[in-house]
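Okay, final.pdb is below, PDB, C-alpha atoms:
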ATOM      1  CA  MET Y   1     135.735  97.839  79.865
ATOM      2  CA  ASP Y   2     132.621  97.616  77.654
ATOM      3  CA  PHE Y   3     129.679  95.395  78.578
ATOM      4  CA  GLU Y   4     127.376  93.988  75.901
ATOM      5  CA  VAL Y   5     123.654  93.715  76.562
ATOM      6  CA  GLU Y   6     122.395  90.220  75.729
ATOM      7  CA  ALA Y   7     118.742  90.750  76.625
ATOM      8  CA  ILE Y   8     116.328  93.136  78.318
ATOM      9  CA  LEU Y   9     114.181  91.217  80.790
ATOM     10  CA  GLN Y  10     111.714  93.700  82.268
ATOM     11  CA  ASP Y  11     111.189  97.331  83.169
ATOM     12  CA  VAL Y  12     109.893  99.433  86.053
ATOM     13  CA  VAL Y  13     109.416 103.115  86.774
ATOM     14  CA  PHE Y  14     111.567 104.191  89.726
ATOM     15  CA  HIS Y  15     111.762 107.791  90.997
ATOM     16  CA  GLY Y  16     110.120 108.995  87.785
ATOM     17  CA  GLN Y  17     112.638 107.272  85.496
ATOM     18  CA  ARG Y  18     112.235 104.030  83.528
ATOM     19  CA  TRP Y  19     114.728 101.313  84.417
ATOM     20  CA  TYR Y  20     115.405  98.060  82.562
ATOM     21  CA  GLU Y  21     116.680  94.806  83.991
ATOM     22  CA  VAL Y  22     119.579  93.766  81.752
ATOM     23  CA  LYS Y  23     121.180  90.376  81.094
ATOM     24  CA  TRP Y  24     124.851  90.927  80.245
ATOM     25  CA  ALA Y  25     126.507  88.808  77.539
ATOM     26  CA  GLY Y  26     128.970  86.327  79.023
ATOM     27  CA  TYR Y  27     127.731  86.786  82.610
ATOM     28  CA  PRO Y  28     125.392  84.575  84.712
ATOM     29  CA  ASP Y  29     121.887  85.658  85.721
ATOM     30  CA  SER Y  30     123.178  86.512  89.196
ATOM     31  CA  GLU Y  31     124.983  89.484  87.594
ATOM     32  CA  ASN Y  32     121.838  90.915  85.977
ATOM     33  CA  SER Y  33     121.420  94.548  86.887
ATOM     34  CA  TRP Y  34     119.081  97.503  86.519
ATOM     35  CA  VAL Y  35     120.072 100.271  84.114
ATOM     36  CA  ARG Y  36     118.336 103.606  83.663
ATOM     37  CA  HIS Y  37     116.875 104.101  80.195
ATOM     38  CA  ASP Y  38     119.152 106.986  79.226
ATOM     39  CA  TYR Y  39     122.254 104.881  79.981
ATOM     40  CA  LEU Y  40     121.303 102.103  77.576
ATOM     41  CA  SER Y  41     122.698 102.165  74.037
ATOM     42  CA  CYS Y  42     121.025  99.154  72.412
ATOM     43  CA  PRO Y  43     118.180 100.571  70.289
ATOM     44  CA  GLU Y  44     117.494  97.287  68.488
ATOM     45  CA  LEU Y  45     116.973  95.374  71.733
ATOM     46  CA  LEU Y  46     114.826  98.174  73.142
ATOM     47  CA  ALA Y  47     112.661  98.210  70.012
ATOM     48  CA  ALA Y  48     112.179  94.439  70.223
ATOM     49  CA  TYR Y  49     111.756  94.327  73.998
ATOM     50  CA  ARG Y  50     108.876  92.337  75.431
ATOM     51  CA  PRO Y  51     108.640  91.397  79.124
ATOM     52  CA  THR Y  52     109.670  87.766  79.608
ATOM     53  CA  ARG Y  53     107.687  87.153  82.786
ATOM     54  CA  ALA Y  54     104.090  85.970  82.910
ATOM     55  CA  PRO Y  55     101.770  88.983  82.802
ATOM     56  CA  ASN Y  56     100.433  90.259  86.086
ATOM     57  CA  THR Y  57      96.821  89.332  86.723
ATOM     58  CA  ALA Y  58      96.337  92.491  88.785
ATOM     59  CA  ASP Y  59      97.023  96.116  88.011
ATOM     60  CA  VAL Y  60     100.234  96.716  89.972
ATOM     61  CA  SER Y  61     100.851 100.235  88.679
ATOM     62  CA  PRO Y  62      99.489 101.772  91.943
ATOM     63  CA  PHE Y  63     102.020  99.575  93.756
ATOM     64  CA  TYR Y  64     104.860 101.174  91.832
ATOM     65  CA  ARG Y  65     103.570 104.633  92.706
ATOM     66  CA  ILE Y  66     103.815 103.638  96.381
ATOM     67  CA  LEU Y  67     107.326 102.235  95.883
ATOM     68  CA  ASP Y  68     108.555 105.356  94.112
ATOM     69  CA  ASN Y  69     109.550 106.666  97.554
ATOM     70  CA  ALA Y  70     111.709 103.623  98.354
ATOM     71  CA  HIS Y  71     115.406 104.077  99.097
ATOM     72  CA  GLY Y  72     117.637 101.293  97.856
ATOM     73  CA  LEU Y  73     120.358 100.487  95.368
ATOM     74  CA  TYR Y  74     117.882  98.704  93.078
ATOM     75  CA  PRO Y  75     114.224  99.207  92.128
ATOM     76  CA  ILE Y  76     111.710  96.884  93.771
ATOM     77  CA  VAL Y  77     109.790  94.637  91.376
ATOM     78  CA  VAL Y  78     106.149  93.670  91.969
ATOM     79  CA  THR Y  79     104.659  90.428  90.604
ATOM     80  CA  ASN Y  80     101.147  89.030  90.922
ATOM     81  CA  THR Y  81     100.247  86.159  88.599
ATOM     82  CA  VAL Y  82      97.866  84.368  90.984
ATOM     83  CA  ASP Y  83      94.893  86.684  91.624
ATOM     84  CA  ASP Y  84      93.557  90.196  91.088
ATOM     85  CA  VAL Y  85      94.750  91.742  94.368
ATOM     86  CA  GLY Y  86      96.675  94.965  93.928
ATOM     87  CA  ALA Y  87      98.508  97.320  96.245
ATOM     88  CA  PRO Y  88      97.469  97.347  99.923
ATOM     89  CA  PRO Y  89      94.968 100.169 100.501
ATOM     90  CA  ASN Y  90      96.019 103.231 102.477
ATOM     91  CA  PHE Y  91      99.633 102.078 102.738
ATOM     92  CA  GLU Y  92     102.457 104.642 102.726
ATOM     93  CA  TYR Y  93     106.017 103.582 101.955
ATOM     94  CA  ILE Y  94     108.472 105.196 104.376
ATOM     95  CA  ASN Y  95     112.213 104.734 104.775
ATOM     96  CA  ALA Y  96     112.537 105.560 108.474
ATOM     97  CA  SER Y  97     110.249 105.066 111.447
ATOM     98  CA  ILE Y  98     107.921 107.878 112.479
ATOM     99  CA  TYR Y  99     107.341 108.770 116.136
ATOM    100  CA  SER Y 100     103.756 109.051 117.328
ATOM    101  CA  ASP Y 101     102.984 111.999 119.585
ATOM    102  CA  ASP Y 102     103.014 109.812 122.714
ATOM    103  CA  VAL Y 103     106.520 108.398 122.175
ATOM    104  CA  PRO Y 104     109.392 110.442 123.670
ATOM    105  CA  ARG Y 105     112.354 111.351 121.514
ATOM    106  CA  PRO Y 106     115.528 109.634 122.734
ATOM    107  CA  CYS Y 107     117.706 111.884 124.849
ATOM    108  CA  THR Y 108     120.518 109.584 125.995
ATOM    109  CA  PRO Y 109     123.884 111.358 125.595
ATOM    110  CA  LEU Y 110     125.849 110.353 122.512
ATOM    111  CA  PHE Y 111     129.320 111.793 122.066
ATOM    112  CA  PRO Y 112     130.223 111.755 118.359
ATOM    113  CA  CYS Y 113     133.579 110.450 117.216
ATOM    114  CA  THR Y 114     136.191 112.637 115.526
ATOM    115  CA  CYS Y 115     137.563 109.894 113.255
ATOM    116  CA  ALA Y 116     138.762 111.037 109.837
ATOM    117  CA  GLY Y 117     137.368 109.094 106.879
ATOM    118  CA  ALA Y 118     136.503 105.551 107.980
ATOM    119  CA  CYS Y 119     136.696 104.758 111.698
ATOM    120  CA  THR Y 120     139.359 102.544 113.201
ATOM    121  CA  ASP Y 121     138.634  99.564 115.468
ATOM    122  CA  ASP Y 122     139.069 101.733 118.573
ATOM    123  CA  CYS Y 123     136.310 104.188 117.590
ATOM    124  CA  PRO Y 124     134.562 105.286 120.832
ATOM    125  CA  CYS Y 125     131.111 104.866 119.237
ATOM    126  CA  VAL Y 126     131.294 101.079 119.171
ATOM    127  CA  ASP Y 127     132.110  98.203 121.503
ATOM    128  CA  ALA Y 128     133.158  95.582 118.942
ATOM    129  CA  ARG Y 129     133.938  94.994 115.291
ATOM    130  CA  TYR Y 130     130.346  94.236 114.349
ATOM    131  CA  TYR Y 131     130.872  93.957 110.593
ATOM    132  CA  ASP Y 132     133.588  92.345 108.471
ATOM    133  CA  ASP Y 133     135.346  93.949 105.495
ATOM    134  CA  ASP Y 134     132.370  93.055 103.277
ATOM    135  CA  ARG Y 135     130.012  94.882 105.678
ATOM    136  CA  ARG Y 136     128.441  91.613 106.860
ATOM    137  CA  VAL Y 137     127.539  91.129 110.504
ATOM    138  CA  GLN Y 138     130.004  88.914 112.368
ATOM    139  CA  VAL Y 139     129.062  89.099 116.057
ATOM    140  CA  PRO Y 140     126.839  86.515 117.803
ATOM    141  CA  LEU Y 141     123.070  86.798 117.556
ATOM    142  CA  GLY Y 142     121.686  88.744 120.507
ATOM    143  CA  ALA Y 143     124.488  91.293 120.598
ATOM    144  CA  ALA Y 144     123.292  94.844 119.985
ATOM    145  CA  LEU Y 145     124.894  96.594 117.030
ATOM    146  CA  MET Y 146     126.125 100.153 117.338
ATOM    147  CA  GLU Y 147     126.896 102.478 114.465
ATOM    148  CA  CYS Y 148     128.323 105.959 114.162
ATOM    149  CA  GLY Y 149     125.668 108.652 114.183
ATOM    150  CA  PRO Y 150     124.828 111.725 112.095
ATOM    151  CA  GLN Y 151     127.051 114.000 114.204
ATOM    152  CA  CYS Y 152     130.154 111.820 113.875
ATOM    153  CA  ALA Y 153     133.050 113.106 111.802
ATOM    154  CA  CYS Y 154     133.574 109.881 109.823
ATOM    155  CA  ASP Y 155     132.195 109.654 106.292
ATOM    156  CA  SER Y 156     129.908 107.179 104.506
ATOM    157  CA  THR Y 157     132.803 104.740 103.953
ATOM    158  CA  CYS Y 158     132.999 104.065 107.720
ATOM    159  CA  TRP Y 159     132.708 100.325 108.394
ATOM    160  CA  THR Y 160     130.113 100.948 111.109
ATOM    161  CA  ARG Y 161     127.590 102.590 108.769
ATOM    162  CA  VAL Y 162     125.663  99.577 107.455
ATOM    163  CA  VAL Y 163     122.038  99.629 108.613
ATOM    164  CA  GLN Y 164     121.789 103.374 108.010
ATOM    165  CA  GLY Y 165     122.805 102.860 104.376
ATOM    166  CA  ALA Y 166     120.716 101.633 101.453
ATOM    167  CA  SER Y 167     120.118  97.898 101.189
ATOM    168  CA  SER Y 168     122.037  96.120  98.429
ATOM    169  CA  VAL Y 169     119.433  93.342  98.163
ATOM    170  CA  LYS Y 170     117.375  93.051  94.970
ATOM    171  CA  PHE Y 171     113.772  92.702  96.133
ATOM    172  CA  GLU Y 172     110.690  91.355  94.405
ATOM    173  CA  ILE Y 173     107.338  91.709  96.154
ATOM    174  CA  ARG Y 174     105.470  88.632  94.962
ATOM    175  CA  ARG Y 175     101.925  87.421  95.442
ATOM    176  CA  PHE Y 176     101.615  83.826  96.706
ATOM    177  CA  ALA Y 177      98.494  81.706  96.278
ATOM    178  CA  HIS Y 178      98.173  80.582  99.890
ATOM    179  CA  LYS Y 179      99.796  83.338 101.938
ATOM    180  CA  GLY Y 180      99.374  86.628 100.107
ATOM    181  CA  TRP Y 181     102.209  89.052  99.534
ATOM    182  CA  GLY Y 182     105.792  88.051 100.298
ATOM    183  CA  VAL Y 183     109.283  89.153  99.315
ATOM    184  CA  VAL Y 184     111.735  87.206  97.161
ATOM    185  CA  ALA Y 185     115.479  87.821  96.714
ATOM    186  CA  ARG Y 186     116.122  88.318  93.015
ATOM    187  CA  ALA Y 187     119.847  87.654  93.452
ATOM    188  CA  ALA Y 188     121.874  85.654  95.956
ATOM    189  CA  VAL Y 189     122.287  87.196  99.419
ATOM    190  CA  PRO Y 190     125.433  86.092 101.318
ATOM    191  CA  HIS Y 191     125.252  85.112 104.986
ATOM    192  CA  GLY Y 192     125.470  88.153 107.268
ATOM    193  CA  THR Y 193     124.277  90.682 104.677
ATOM    194  CA  PHE Y 194     122.051  93.522 105.879
ATOM    195  CA  VAL Y 195     118.661  93.017 104.227
ATOM    196  CA  SER Y 196     116.307  95.685 105.540
ATOM    197  CA  GLU Y 197     115.305  97.671 108.578
ATOM    198  CA  TYR Y 198     111.795  97.128 110.010
ATOM    199  CA  VAL Y 199     110.221 100.570 110.027
ATOM    200  CA  GLY Y 200     106.781 101.935 110.790
ATOM    201  CA  GLU Y 201     105.043 104.116 113.334
ATOM    202  CA  LEU Y 202     106.587 104.054 116.814
ATOM    203  CA  ILE Y 203     103.759 103.707 119.331
ATOM    204  CA  THR Y 204     103.352 103.041 123.059
ATOM    205  CA  PHE Y 205     102.578  99.685 124.683
ATOM    206  CA  GLU Y 206      99.026 100.834 125.379
ATOM    207  CA  GLN Y 207      98.467 101.840 121.754
ATOM    208  CA  ALA Y 208      99.898  98.512 120.593
ATOM    209  CA  GLU Y 209      97.528  96.587 122.874
ATOM    210  CA  GLU Y 210      94.552  98.468 121.460
ATOM    211  CA  ARG Y 211      95.552  98.029 117.812
ATOM    212  CA  GLY Y 212      96.679  94.441 118.275
ATOM    213  CA  ALA Y 213      93.360  93.330 119.731
ATOM    214  CA  ALA Y 214      91.599  94.331 116.527
ATOM    215  CA  ASP Y 215      94.169  93.117 113.998
ATOM    216  CA  SER Y 216      95.603  89.910 115.454
ATOM    217  CA  ALA Y 217      92.180  88.237 115.473
ATOM    218  CA  ARG Y 218      92.346  88.428 111.666
ATOM    219  CA  GLY Y 219      96.010  87.420 111.458
ATOM    220  CA  LEU Y 220      97.007  90.824 110.144
ATOM    221  CA  THR Y 221      99.213  92.233 112.880
ATOM    222  CA  TYR Y 222     102.307  94.204 111.864
ATOM    223  CA  LEU Y 223     103.318  95.052 115.430
ATOM    224  CA  PHE Y 224     106.938  94.458 116.431
ATOM    225  CA  ASP Y 225     107.835  95.090 120.086
ATOM    226  CA  LEU Y 226     111.098  96.868 120.871
ATOM    227  CA  ASP Y 227     111.923  94.330 123.551
ATOM    228  CA  MET Y 228     115.512  93.341 122.749
ATOM    229  CA  ALA Y 229     116.670  94.800 126.074
ATOM    230  CA  CYS Y 230     113.730  93.428 128.096
ATOM    231  CA  GLY Y 231     113.896  90.543 130.512
ATOM    232  CA  ALA Y 232     111.773  87.418 130.106
ATOM    233  CA  SER Y 233     108.994  88.788 132.310
ATOM    234  CA  ASP Y 234     109.165  92.385 131.067
ATOM    235  CA  VAL Y 235     107.019  94.047 128.429
ATOM    236  CA  ALA Y 236     108.283  96.533 125.875
ATOM    237  CA  ASP Y 237     107.500 100.184 126.423
ATOM    238  CA  PHE Y 238     107.268 100.812 122.691
ATOM    239  CA  THR Y 239     106.329  99.013 119.475
ATOM    240  CA  VAL Y 240     106.788  99.505 115.741
ATOM    241  CA  ASP Y 241     103.502  99.312 113.820
ATOM    242  CA  ALA Y 242     104.082  98.811 110.073
ATOM    243  CA  LYS Y 243     100.463  98.259 109.070
ATOM    244  CA  ARG Y 244      99.800 101.631 107.427
ATOM    245  CA  GLN Y 245     103.333 102.990 107.144
ATOM    246  CA  GLY Y 246     106.338 100.809 106.435
ATOM    247  CA  ASN Y 247     108.935  99.640 103.945
ATOM    248  CA  VAL Y 248     109.632  96.375 102.111
ATOM    249  CA  ALA Y 249     109.807  94.543 105.465
ATOM    250  CA  HIS Y 250     106.037  95.096 105.765
ATOM    251  CA  PHE Y 251     105.702  92.237 103.256
ATOM    252  CA  PHE Y 252     108.104  89.709 104.860
ATOM    253  CA  ASN Y 253     106.368  86.411 105.638
ATOM    254  CA  HIS Y 254     106.813  83.965 108.495
ATOM    255  CA  SER Y 255     108.734  80.712 108.269
ATOM    256  CA  CYS Y 256     109.416  78.091 110.922
ATOM    257  CA  ALA Y 257     112.837  77.720 109.254
ATOM    258  CA  PRO Y 258     113.629  81.375 108.481
ATOM    259  CA  ASN Y 259     116.579  82.620 106.449
ATOM    260  CA  MET Y 260     116.733  85.992 108.216
ATOM    261  CA  GLU Y 261     117.437  87.050 111.788
ATOM    262  CA  ILE Y 262     116.645  90.353 113.439
ATOM    263  CA  ARG Y 263     119.038  92.403 115.534
ATOM    264  CA  PRO Y 264     118.796  95.569 117.637
ATOM    265  CA  VAL Y 265     120.736  98.532 116.280
ATOM    266  CA  TYR Y 266     121.654 101.893 117.809
ATOM    267  CA  ILE Y 267     122.651 104.813 115.585
ATOM    268  CA  GLU Y 268     121.445 108.234 116.749
ATOM    269  CA  HIS Y 269     121.258 107.334 120.440
ATOM    270  CA  ARG Y 270     121.716 104.497 122.944
ATOM    271  CA  ASP Y 271     118.250 104.420 124.535
ATOM    272  CA  PRO Y 272     117.545 100.663 124.978
ATOM    273  CA  ARG Y 273     113.788 101.236 124.791
ATOM    274  CA  LEU Y 274     113.939 102.671 121.282
ATOM    275  CA  HIS Y 275     116.482 100.612 119.379
ATOM    276  CA  ARG Y 276     116.094 100.075 115.662
ATOM    277  CA  LEU Y 277     115.328  96.643 114.151
ATOM    278  CA  ALA Y 278     117.447  95.258 111.322
ATOM    279  CA  PHE Y 279     117.135  92.035 109.332
ATOM    280  CA  PHE Y 280     120.292  90.185 108.307
ATOM    281  CA  ALA Y 281     120.741  87.021 106.246
ATOM    282  CA  ALA Y 282     120.976  84.118 108.740
ATOM    283  CA  ARG Y 283     122.602  81.949 106.054
ATOM    284  CA  ASP Y 284     123.396  82.126 102.364
ATOM    285  CA  ILE Y 285     120.133  82.888 100.548
ATOM    286  CA  ALA Y 286     119.731  81.724  96.957
ATOM    287  CA  ALA Y 287     118.339  83.822  94.121
ATOM    288  CA  GLY Y 288     114.581  83.277  93.896
ATOM    289  CA  GLU Y 289     114.236  82.314  97.556
ATOM    290  CA  GLU Y 290     111.596  83.972  99.705
ATOM    291  CA  LEU Y 291     112.910  86.196 102.506
ATOM    292  CA  THR Y 292     111.395  85.084 105.815
ATOM    293  CA  PHE Y 293     111.730  85.410 109.577
ATOM    294  CA  ASP Y 294     110.107  83.639 112.519
ATOM    295  CA  TYR Y 295     107.126  85.626 113.801
ATOM    296  CA  ASN Y 296     107.054  83.526 116.972
ATOM    297  CA  PRO Y 297     110.593  82.277 117.729
ATOM    298  CA  SER Y 298     109.743  81.283 121.301
ATOM    299  CA  GLY Y 299     107.067  78.915 120.045
ATOM    300  CA  GLY Y 300     104.706  79.952 122.862
ATOM    301  CA  SER Y 301     101.199  81.321 122.466
ATOM    302  CA  GLY Y 302     101.705  84.559 124.394
ATOM    303  CA  GLY Y 303      97.946  84.554 124.851
ATOM    304  CA  GLY Y 304      97.334  85.380 121.186
ATOM    305  CA  PRO Y 305      95.125  83.640 118.606
ATOM    306  CA  MET Y 306      96.479  80.644 116.660
ATOM    307  CA  PHE Y 307      96.566  80.328 112.854
ATOM    308  CA  ALA Y 308      97.584  77.545 110.505
ATOM    309  CA  CYS Y 309     101.128  77.997 109.195
ATOM    310  CA  ALA Y 310     101.649  77.954 105.413
ATOM    311  CA  CYS Y 311     105.448  78.264 105.362
ATOM    312  CA  GLY Y 312     106.016  74.763 103.947
ATOM    313  CA  ALA Y 313     109.299  74.215 105.801
ATOM    314  CA  ALA Y 314     110.353  70.673 106.659
ATOM    315  CA  THR Y 315     110.394  71.722 110.310
ATOM    316  CA  CYS Y 316     107.056  73.557 110.134
ATOM    317  CA  ARG Y 317     105.270  73.787 113.492
ATOM    318  CA  HIS Y 318     101.938  73.800 111.565
ATOM    319  CA  SER Y 319     100.600  76.683 113.600
ATOM    320  CA  ILE Y 320     101.609  80.214 114.473
ATOM    321  CA  PHE Y 321     100.465  82.482 117.288
ATOM    322  CA  MET Y 322      99.855  86.158 116.630
TER     323      MET Y 322
END
How does the structure come out when it is put into structure tokens?
Amino acid sequence: MDFEVEAILQDVVFHGQRWYEVKWAGYPDSENSWVRHDYLSCPELLAAYRPTRAPNTADVSPFYRILDNAHGLYPIVVTNTVDDVGAPPNFEYINASIYSDDVPRPCTPLFPCTCAGACTDDCPCVDARYYDDDRRVQVPLGAALMECGPQCACDSTCWTRVVQGASSVKFEIRRFAHKGWGVVARAAVPHGTFVSEYVGELITFEQAEERGAADSARGLTYLFDLDMACGASDVADFTVDAKRQGNVAHFFNHSCAPNMEIRPVYIEHRDPRLHRLAFFAARDIAAGEELTFDYNPSGGSGGGPMFACACGAATCRHSIFM
């Protein structure tokens, strides 16, 4: 079946290749897709192409050099039409968390499955059918998700392998006038869809306390405690710090009415102190909507400094504690 290109909307350089966002004739904007330059056969449209978006007020080309390392099904777009701020300084885009020297490598026994092809519901690696046939999470919030690991015999079509795969969400990192960088979904994201893992440097509680004291006073903390298995009075042994090393989740903003939820995930091991963190769509998310989560879901201060909230939600608490 042949598809006709109606318009070329914009272009980015991704992994050293130029990609164009294409509007297909007879299809809605939600079906727009990115096509590599050597797969396009519309020379007239390419010759007449001009970006349709407002020009960036900042030089975002260094941003794209950072994002060239990003794994994903689609290139990430960067837009800044509000000020002259460019890419964050000294930031490295990574696709998996990095262990600091003081964090032990997990050593809990994990016995790989011997399933052929995709696993069945009785796969020994998992305790429940975490994902539906569309690979969307379907178990209650709070339940840990378990996936087959790198030593398992099943292949990439296995229904458990969701968080370890590339995100299918089309991301745009966008500059906002009152809250800095954020991330927008460029196409609709159905409820339960895996959005992104939160990755960074894995550090100890003591290191997190030291770094947090300096950063939280300025409202810049990117620390995320691995406390999903902790009791109410416990503190996490380890923390993910995405300030200097991280992925697209580094740019997710807070909302008092978030459209994402975060869940603990185990893939290579089952050590509860070192689970992975994965964002999923908490409801259907519309194209053009900002992707957000609640930085402070308990609503308490936790002893941290307070900042005015700029989320704009109808249920905004008007303040957020870091």
Assuming the chain letters and numbering stay as they are in my file, what does the PyMOL selection byres ((chain Y and resi 17) around 12) actually select? List them as a PDB file with C-alpha atoms, in the frame of the given file.
ATOM      1  CA  ASP Y  11     111.189  97.331  83.169  1.00  0.00           C
ATOM      2  CA  VAL Y  12     109.893  99.433  86.053  1.00  0.00           C
ATOM      3  CA  VAL Y  13     109.416 103.115  86.774  1.00  0.00           C
ATOM      4  CA  PHE Y  14     111.567 104.191  89.726  1.00  0.00           C
ATOM      5  CA  HIS Y  15     111.762 107.791  90.997  1.00  0.00           C
ATOM      6  CA  GLY Y  16     110.120 108.995  87.785  1.00  0.00           C
ATOM      7  CA  ARG Y  18     112.235 104.030  83.528  1.00  0.00           C
ATOM      8  CA  TRP Y  19     114.728 101.313  84.417  1.00  0.00           C
ATOM      9  CA  TYR Y  20     115.405  98.060  82.562  1.00  0.00           C
ATOM     10  CA  TRP Y  34     119.081  97.503  86.519  1.00  0.00           C
ATOM     11  CA  VAL Y  35     120.072 100.271  84.114  1.00  0.00           C
ATOM     12  CA  ARG Y  36     118.336 103.606  83.663  1.00  0.00           C
ATOM     13  CA  HIS Y  37     116.875 104.101  80.195  1.00  0.00           C
ATOM     14  CA  ASP Y  38     119.152 106.986  79.226  1.00  0.00           C
ATOM     15  CA  TYR Y  39     122.254 104.881  79.981  1.00  0.00           C
ATOM     16  CA  TYR Y  64     104.860 101.174  91.832  1.00  0.00           C
ATOM     17  CA  ARG Y  65     103.570 104.633  92.706  1.00  0.00           C
ATOM     18  CA  ASP Y  68     108.555 105.356  94.112  1.00  0.00           C
ATOM     19  CA  PRO Y  75     114.224  99.207  92.128  1.00  0.00           C
TER      20      PRO Y  75
END
Which of these residues is nearest to Glu210 in chain Y, using all atoms listed in the file: Y:Glu197, Y:Asp294, Y:Asp241, Y:Asp227? Y:Asp241
On this structure, the PyMOL selection byres ((chain Y and resi 106) around 12) would catch which residues? List them as an MDAnalysis selection string, sorted by chain and number. chainID Y and resid 99 103:105 107:110 266:276
Closest atom pairs, residues of range 92-177 of chain Y within 10 Å of range 278-289 of chain Y, only C-alpha atoms, as JSON lines:
{"residue": "Y:Arg136", "atom": "CA", "partner": "Y:Phe280", "partner_atom": "CA", "distance": 8.4}
{"residue": "Y:Val137", "atom": "CA", "partner": "Y:Phe280", "partner_atom": "CA", "distance": 7.6}
{"residue": "Y:Leu141", "atom": "CA", "partner": "Y:Ala282", "partner_atom": "CA", "distance": 9.4}
{"residue": "Y:Leu145", "atom": "CA", "partner": "Y:Ala278", "partner_atom": "CA", "distance": 9.5}
{"residue": "Y:Val163", "atom": "CA", "partner": "Y:Ala278", "partner_atom": "CA", "distance": 6.9}
{"residue": "Y:Gln164", "atom": "CA", "partner": "Y:Ala278", "partner_atom": "CA", "distance": 9.8}
{"residue": "Y:Lys170", "atom": "CA", "partner": "Y:Ala287", "partner_atom": "CA", "distance": 9.3}
{"residue": "Y:Phe171", "atom": "CA", "partner": "Y:Gly288", "partner_atom": "CA", "distance": 9.7}
{"residue": "Y:Glu172", "atom": "CA", "partner": "Y:Gly288", "partner_atom": "CA", "distance": 9.0}
Translate the PyMOL selection byres ((chain Y and resi 177) around 10) into a concrete residue list for this structure, as number ranges by chain. Y: 80-83, 174-176, 178-181
Please produce a file of the residues just selected, as a PDB file, keeping the file's coordinate frame, where the atoms kept are C-alpha atoms.
ATOM      1  CA  ASN Y  80     101.147  89.030  90.922  1.00  0.00           C
ATOM      2  CA  THR Y  81     100.247  86.159  88.599  1.00  0.00           C
ATOM      3  CA  VAL Y  82      97.866  84.368  90.984  1.00  0.00           C
ATOM      4  CA  ASP Y  83      94.893  86.684  91.624  1.00  0.00           C
ATOM      5  CA  ARG Y 174     105.470  88.632  94.962  1.00  0.00           C
ATOM      6  CA  ARG Y 175     101.925  87.421  95.442  1.00  0.00           C
ATOM      7  CA  PHE Y 176     101.615  83.826  96.706  1.00  0.00           C
ATOM      8  CA  HIS Y 178      98.173  80.582  99.890  1.00  0.00           C
ATOM      9  CA  LYS Y 179      99.796  83.338 101.938  1.00  0.00           C
ATOM     10  CA  GLY Y 180      99.374  86.628 100.107  1.00  0.00           C
ATOM     11  CA  TRP Y 181     102.209  89.052  99.534  1.00  0.00           C
TER      12      TRP Y 181
END
Any idea what's packed within 7 Å of Glu6 in chain Y, counting only C-alpha atoms, ignoring anything in its chain fewer than 4 positions away? Could you give it as a list of chain:residue names? Y:Lys23, Y:Trp24, Y:Ala25
Counting only C-alpha atoms, find the residues whose atoms lie at most 12 Å from (108.4, 108.9, 112.2) (file coordinates) and write them out as an MDAnalysis selection string. chainID Y and resid 92:105 199:203 240:242 245:246
Let me make sure I understand: among Y:Ile262, Y:Ala54, Y:Leu223, Y:Val77, which one has the smallest atom-to-atom distance to His250 in chain Y if we use all atoms listed in the file? Y:Leu223
Please measure the separation of CA of Val248 in chain Y and CA of Ser196 in chain Y, giving the value in Å to one decimal. 7.5 Å
Quick one: residues within 10 Å of Ser168 in chain Y, only C-alpha atoms, excluding same-chain residues fewer than 2 positions away - as a ChimeraX atom specification? /Y:72-74,165-166,170-171,189,193-196
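With only C-alpha atoms as the atoms that count, the residue of Y:Ala236, Y:Arg129, Y:Leu220, Y:Phe111 with the shortest distance to Phe321 in chain Y is Y:Leu220.
Among the candidate residues Y:Leu291, Y:Ala7, Y:Cys119, Y:Met306, the one lying nearest to Arg186 in chain Y is Y:Leu291, with distances computed using only C-alpha atoms.
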Could you tell me how far CA of Ala232 in chain Y lies from CA of Pro140 in chain Y, in Å and to one decimal?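 Value for the CA of Ala232 in chain Y-CA of Pro140 in chain Y distance: 19.5 Å.
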